[in-house]
Amino acid sequence: MKEKNFTGLPKELQPWEGFTRDNQTVKVSVDKRRYGKNVTIIEGIDPKLEDIWDIAKELKKKVASGGTVKDNRVIEIQGDHRDNVKKFLEQMGFKTEVIS
């Protein structure tokens, strides 16, 4: 995990101290968009603790598909990749929940 210090406080006093990847529950779901296209949506990754852009980049490479980060907190990947995304996030240490 990358060290980020936004507050200037010592590490012991930082408000997000104690949160790790296994404490976060990441939700993976699929949304149907126009023209019948599916989009895999990954929510629940804390942008204060993780570099969400790097995670999105790795996920897109892993499933060989395009995607984006919305509102700096939601990852959208083109296509239905629930199973592959779940496996990859669990390998990274996140607890995942697939919503059908």
# chains A, B, ... in the order shown; residues from 1 in each chain; ligands from 1
call {"tool": "residues_around", "arguments": {"residues": "A:Lys62", "least_positions_apart": "5", "cutoff": "12 Å", "atoms": "only C-alpha atoms", "output": "ChimeraX atom specification"}}
result
/A:55-57,67,77,81,83-89
call {"tool": "atom_distance", "arguments": {"atom1": "atom CA of A:Val74", "atom2": "atom CA of A:Met92"}}
result
17.2 Å
call {"tool": "residues_around", "arguments": {"residues": "A:Arg82", "least_positions_apart": "2", "cutoff": "12 Å", "atoms": "only C-alpha atoms", "output": "ChimeraX atom specification"}}
result
/A:26-31,38-42,59,63,76-80,84-89,96-100
call {"tool": "atom_distance", "arguments": {"atom1": "atom CA of A:Lys70", "atom2": "atom CA of A:Gln24"}}
result
18.9 Å
call {"tool": "atom_distance", "arguments": {"atom1": "atom CA of A:Asp54", "atom2": "atom CA of A:Lys37"}}
result
24.7 Å
call {"tool": "select_by_dssp", "arguments": {"residues": "stretch 8-87 of chain A", "states": "alpha helix (DSSP H)", "output": "PyMOL selection string"}}
result
chain A and resi 52-63+82-87
call {"tool": "closest_residue", "arguments": {"among": "A:Arg73, A:Lys95, A:Lys61, A:Lys32", "to": "A:Asp46", "atoms": "only C-alpha atoms"}}
result
A:Arg73
call {"tool": "select_by_dssp", "arguments": {"residues": "stretch 11-92 of chain A", "states": "strand (DSSP E or B)", "output": "number ranges by chain"}}
result
A: 25-32, 38-43, 67-70, 74-79
call {"tool": "write_last_selection", "arguments": {"atoms": "C-alpha atoms", "output": "compact mmCIF listing (two decimals), in the first residue's frame"}}
result
# COMPACT_ATOMS: atom_id res chain seq x y z
CA THR A 25 -15.75 -4.65 0.84
CA VAL A 26 -15.63 -4.11 -2.91
CA LYS A 27 -18.90 -4.58 -4.79
CA VAL A 28 -18.81 -5.89 -8.36
CA SER A 29 -21.94 -5.63 -10.48
CA VAL A 30 -23.05 -5.43 -14.11
CA ASP A 31 -25.17 -2.69 -15.61
CA LYS A 32 -26.88 -2.84 -19.00
CA ASN A 38 -22.89 -4.54 -20.52
CA VAL A 39 -20.59 -2.64 -18.17
CA THR A 40 -18.87 -4.14 -15.11
CA ILE A 41 -18.99 -1.70 -12.19
CA ILE A 42 -16.53 -1.90 -9.28
CA GLU A 43 -17.42 0.18 -6.19
CA GLY A 67 -12.89 1.21 -19.15
CA THR A 68 -12.76 4.34 -17.05
CA VAL A 69 -12.87 5.75 -13.53
CA LYS A 70 -15.98 7.80 -12.69
CA VAL A 74 -16.12 3.93 -9.32
CA ILE A 75 -14.36 1.79 -11.94
CA GLU A 76 -16.31 0.89 -15.08
CA ILE A 77 -15.04 -1.80 -17.44
CA GLN A 78 -16.66 -2.55 -20.78
CA GLY A 79 -18.32 -5.97 -20.92
